[in-house]
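Remarks on the structure that follows.
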Amino acid sequence: MTIRFHRDDVKVKEKVPLYQGFLSVYRYSLQHRLFSGDWSPEIKRELMERGHAVVVIPYDPIRDELVVLEQFRVGALEDTNGPWLFEFVAGMFDADESSEEVATRELEEEAGLKAKRLIYATSYYSSPGGTDEKLTIYIAEVDSQAAASFGGLVEEDEDIRVHVLPRTEVISMLEREEINNAASVIGLQWLLLHRDKVFSDQEQN
């Protein structure tokens, strides 16, 4: 019988703050259960505590269009095409918000849209070897013609250009690696895999 480990199979000995700012970094000293049944020696790991986020893929099944955002990302400074990435609506949790509330708020703030329907797609850890961030992805059924031209909040230093594109063009962008961040790739691929089933009652090209 396969034994599944749980949270009780980890002993946190110490958690030391290394940096606290837009992102916070801690050093953990811990032990965890081994597959042999023994405990590991005490190990140290740095962890960036970023918090959790929601990603929304705005899709208009009537026009077969996607609403794609373009904005600056500091993590892509060394990208040969520059640090302005094509991606989808996304945002962090505030206080006690549900994931649906985050999706609704960010969809309006970043793209000027309201969802006719929110469809849960999937959740995943972005990079669990070094951060606790977990992302939840939704597909939002929208009227793409209602999208704003620009979005984002000045007080959050957001400067977003909004594009309304045919689904076929977005697929081509994915294939050309012009959409190259994990959340957008995973969300878009989920939509392409499940589109016919989820939107079977809609007119499509």
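Please note that chains go A, B, ... in the order of the structure tokens, that every chain numbers its residues from 1, and that ligands are numbered from 1 in the order shown.
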
Filtered DSSP result for segment 134-193 of chain A, state strand (DSSP E or B), as a list in words: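 Strand (DSSP E or B) assignments inside segment 134-193 of chain A correspond to Lys134, Leu135, Thr136, Ile137, Tyr138, Ile139, Ala140, Glu141, Phe150, Gly151, Ile160, Arg161, Val162, His163, Val164, Leu165 and Pro166 of chain A.
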
Would you export the selected residues with N, CA, C and O atoms as an mmCIF file, in the first residue's frame, please?
```cif
data_model
loop_
_atom_site.group_PDB
_atom_site.id
_atom_site.type_symbol
_atom_site.label_atom_id
_atom_site.label_comp_id
_atom_site.auth_asym_id
_atom_site.auth_seq_id
_atom_site.Cartn_x
_atom_site.Cartn_y
_atom_site.Cartn_z
ATOM 1 N N LYS A 134 0.112 30.051 -5.334
ATOM 2 C CA LYS A 134 -0.808 29.134 -5.999
ATOM 3 C C LYS A 134 -1.771 29.961 -6.842
ATOM 4 O O LYS A 134 -2.322 30.959 -6.374
ATOM 5 N N LEU A 135 -1.951 29.563 -8.091
ATOM 6 C CA LEU A 135 -2.813 30.299 -9.007
ATOM 7 C C LEU A 135 -4.065 29.506 -9.314
ATOM 8 O O LEU A 135 -4.014 28.285 -9.501
ATOM 9 N N THR A 136 -5.186 30.213 -9.371
ATOM 10 C CA THR A 136 -6.464 29.628 -9.759
ATOM 11 C C THR A 136 -6.894 30.281 -11.066
ATOM 12 O O THR A 136 -6.888 31.503 -11.180
ATOM 13 N N ILE A 137 -7.244 29.463 -12.044
ATOM 14 C CA ILE A 137 -7.583 29.970 -13.373
ATOM 15 C C ILE A 137 -9.073 29.810 -13.651
ATOM 16 O O ILE A 137 -9.652 28.749 -13.406
ATOM 17 N N TYR A 138 -9.668 30.887 -14.168
ATOM 18 C CA TYR A 138 -11.055 30.869 -14.625
ATOM 19 C C TYR A 138 -11.117 31.263 -16.096
ATOM 20 O O TYR A 138 -10.283 32.042 -16.578
ATOM 21 N N ILE A 139 -12.110 30.743 -16.782
ATOM 22 C CA ILE A 139 -12.477 31.232 -18.099
ATOM 23 C C ILE A 139 -13.700 32.120 -17.902
ATOM 24 O O ILE A 139 -14.674 31.692 -17.278
ATOM 25 N N ALA A 140 -13.647 33.351 -18.410
ATOM 26 C CA ALA A 140 -14.779 34.265 -18.291
ATOM 27 C C ALA A 140 -15.459 34.398 -19.647
ATOM 28 O O ALA A 140 -14.812 34.766 -20.629
ATOM 29 N N GLU A 141 -16.740 34.088 -19.681
ATOM 30 C CA GLU A 141 -17.513 34.331 -20.898
ATOM 31 C C GLU A 141 -17.871 35.808 -20.927
ATOM 32 O O GLU A 141 -18.518 36.320 -20.002
ATOM 33 N N PHE A 150 -7.612 50.473 -22.648
ATOM 34 C CA PHE A 150 -6.523 50.452 -21.678
ATOM 35 C C PHE A 150 -7.120 50.130 -20.306
ATOM 36 O O PHE A 150 -8.298 50.383 -20.058
ATOM 37 N N GLY A 151 -6.294 49.566 -19.425
ATOM 38 C CA GLY A 151 -6.794 49.206 -18.112
ATOM 39 C C GLY A 151 -5.724 49.299 -17.044
ATOM 40 O O GLY A 151 -4.586 49.705 -17.305
ATOM 41 N N ILE A 160 -1.814 49.073 -18.722
ATOM 42 C CA ILE A 160 -2.201 47.897 -19.506
ATOM 43 C C ILE A 160 -2.845 48.318 -20.821
ATOM 44 O O ILE A 160 -3.758 49.143 -20.842
ATOM 45 N N ARG A 161 -2.352 47.731 -21.902
ATOM 46 C CA ARG A 161 -3.009 47.891 -23.194
ATOM 47 C C ARG A 161 -3.832 46.636 -23.465
ATOM 48 O O ARG A 161 -3.349 45.520 -23.272
ATOM 49 N N VAL A 162 -5.072 46.827 -23.891
ATOM 50 C CA VAL A 162 -6.007 45.713 -24.085
ATOM 51 C C VAL A 162 -6.171 45.428 -25.573
ATOM 52 O O VAL A 162 -6.411 46.345 -26.364
ATOM 53 N N HIS A 163 -6.035 44.150 -25.939
ATOM 54 C CA HIS A 163 -6.196 43.713 -27.325
ATOM 55 C C HIS A 163 -7.370 42.735 -27.411
ATOM 56 O O HIS A 163 -7.489 41.826 -26.577
ATOM 57 N N VAL A 164 -8.217 42.898 -28.417
ATOM 58 C CA VAL A 164 -9.276 41.938 -28.712
ATOM 59 C C VAL A 164 -8.868 41.223 -29.988
ATOM 60 O O VAL A 164 -8.760 41.845 -31.055
ATOM 61 N N LEU A 165 -8.614 39.912 -29.883
ATOM 62 C CA LEU A 165 -8.020 39.173 -30.999
ATOM 63 C C LEU A 165 -8.807 37.908 -31.304
ATOM 64 O O LEU A 165 -9.343 37.263 -30.397
ATOM 65 N N PRO A 166 -8.858 37.501 -32.580
ATOM 66 C CA PRO A 166 -9.472 36.219 -32.926
ATOM 67 C C PRO A 166 -8.732 35.076 -32.226
ATOM 68 O O PRO A 166 -7.509 35.136 -32.047
#
```

Within 9 Å of Glu100 of chain A using only C-alpha atoms, minus same-chain residues under 2 positions, as a ChimeraX atom specification: /A:54,97-98,102-105,118,120,138

From A:Met48, A:Ile3, A:Ala121, A:Ala111, residue lying nearest Leu192 of chain A [only C-alpha atoms]: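 Between A:Met48, A:Ile3, A:Ala121, A:Ala111, the residue approaching Leu192 of chain A most closely is A:Ala121.
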
Atom CA of Ile57 of chain A to atom CA of Ser123 of chain A, distance in Å rounded to a single decimal: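 Result for atom CA of Ile57 of chain A versus atom CA of Ser123 of chain A: 13.5 Å, one decimal.
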
What lies within 9 Å of Gly51 of chain A using only C-alpha atoms, ignoring chain neighbours under 5 positions off, as a PDB file with C-alpha atoms, in the first residue's frame?
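And here is the file that came out, selection.pdb:
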```pdb
ATOM      1  CA  LEU A  23       7.728  40.154  -2.020  1.00  0.00           C
ATOM      2  CA  MET A  92      -3.836  38.908  -6.006  1.00  0.00           C
ATOM      3  CA  PHE A  93      -6.325  38.279  -3.215  1.00  0.00           C
ATOM      4  CA  THR A 131       7.569  30.155  -3.676  1.00  0.00           C
ATOM      5  CA  ASP A 132       4.235  29.390  -2.022  1.00  0.00           C
ATOM      6  CA  GLU A 133       2.234  31.089  -4.811  1.00  0.00           C
ATOM      7  CA  LYS A 134      -0.808  29.134  -5.999  1.00  0.00           C
TER       8      LYS A 134
END
```

Contacts of segment 176-183 of chain A within 8 Å, only C-alpha atoms, excl. fewer than 4 positions in-chain, as a ChimeraX atom specification: /A:55,85-87,126,135,137,172,187

Keeping only all heavy atoms, write the selected residues to a file as a short mmCIF file (atom, residue, chain, number, x, y, z; two decimals), in the first residue's frame.
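Saved to result_37.cif:
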```cif
data_model
loop_
_atom_site.label_atom_id
_atom_site.label_comp_id
_atom_site.auth_asym_id
_atom_site.auth_seq_id
_atom_site.Cartn_x
_atom_site.Cartn_y
_atom_site.Cartn_z
N VAL A 55 -6.19 34.03 -12.16
CA VAL A 55 -6.00 34.37 -13.57
C VAL A 55 -7.33 34.18 -14.28
O VAL A 55 -8.04 33.20 -14.02
CB VAL A 55 -4.92 33.48 -14.21
CG1 VAL A 55 -4.76 33.80 -15.70
CG2 VAL A 55 -3.59 33.64 -13.49
N LEU A 85 4.86 41.93 -21.88
CA LEU A 85 4.36 40.59 -22.19
C LEU A 85 2.89 40.61 -22.55
O LEU A 85 2.12 41.45 -22.08
CB LEU A 85 4.56 39.67 -20.98
CG LEU A 85 5.99 39.48 -20.47
CD1 LEU A 85 6.00 38.43 -19.36
CD2 LEU A 85 6.95 39.10 -21.58
N PHE A 86 2.50 39.64 -23.38
CA PHE A 86 1.10 39.39 -23.66
C PHE A 86 0.60 38.36 -22.66
O PHE A 86 1.20 37.29 -22.50
CB PHE A 86 0.92 38.86 -25.09
CG PHE A 86 1.23 39.88 -26.14
CD1 PHE A 86 2.40 39.79 -26.89
CD2 PHE A 86 0.36 40.93 -26.39
CE1 PHE A 86 2.69 40.73 -27.87
CE2 PHE A 86 0.64 41.88 -27.37
CZ PHE A 86 1.81 41.77 -28.11
N GLU A 87 -0.47 38.68 -21.97
CA GLU A 87 -0.99 37.78 -20.95
C GLU A 87 -2.48 38.03 -20.78
O GLU A 87 -3.11 38.70 -21.61
CB GLU A 87 -0.22 37.96 -19.64
CG GLU A 87 -0.09 39.42 -19.20
CD GLU A 87 0.85 39.60 -18.03
OE1 GLU A 87 1.92 38.96 -18.02
OE2 GLU A 87 0.51 40.37 -17.13
N SER A 126 2.88 27.76 -8.87
CA SER A 126 3.68 28.30 -9.97
C SER A 126 5.11 27.77 -9.96
O SER A 126 5.67 27.47 -11.02
CB SER A 126 3.69 29.82 -9.93
OG SER A 126 4.26 30.29 -8.72
N LEU A 135 -1.95 29.56 -8.09
CA LEU A 135 -2.81 30.30 -9.01
C LEU A 135 -4.07 29.51 -9.31
O LEU A 135 -4.01 28.28 -9.50
CB LEU A 135 -2.07 30.61 -10.31
CG LEU A 135 -0.93 31.61 -10.16
CD1 LEU A 135 0.39 30.87 -10.12
CD2 LEU A 135 -0.93 32.61 -11.30
N ILE A 137 -7.24 29.46 -12.04
CA ILE A 137 -7.58 29.97 -13.37
C ILE A 137 -9.07 29.81 -13.65
O ILE A 137 -9.65 28.75 -13.41
CB ILE A 137 -6.77 29.24 -14.46
CG1 ILE A 137 -5.27 29.48 -14.24
CG2 ILE A 137 -7.19 29.70 -15.86
CD1 ILE A 137 -4.38 28.78 -15.24
N SER A 172 -1.82 31.30 -32.76
CA SER A 172 -0.59 31.54 -33.50
C SER A 172 0.45 32.23 -32.62
O SER A 172 1.65 31.93 -32.67
CB SER A 172 -0.87 32.39 -34.74
OG SER A 172 -1.70 31.70 -35.65
N GLY A 187 -3.61 28.49 -18.88
CA GLY A 187 -5.02 28.85 -19.02
C GLY A 187 -5.51 28.75 -20.45
O GLY A 187 -6.61 28.25 -20.71
#
```

Interatomic distance, atom CA of Leu34 of chain A to atom CA of Tyr124 of chain A (Å, one decimal): 24.0 Å

Pairwise distance for atom CA of Glu70 of chain A and atom CA of Gly129 of chain A, rounded to one decimal in Å: 28.0 Å

Which of segment 4-187 of chain A fall in helix (DSSP H, G or I), as a PyMOL selection string: chain A and resi 7-9+74-76+99-111+144-146+154-156+167-175+182-187

Distance query Ser40 of chain A at most 9 Å, only C-alpha atoms, self and fewer than 6 positions along chain excluded, as a count of residues only: 5

Nearest candidate to Ser127 of chain A (options A:Leu113, A:Gln189, A:Glu49, A:Leu66; using only C-alpha atoms): A:Glu49
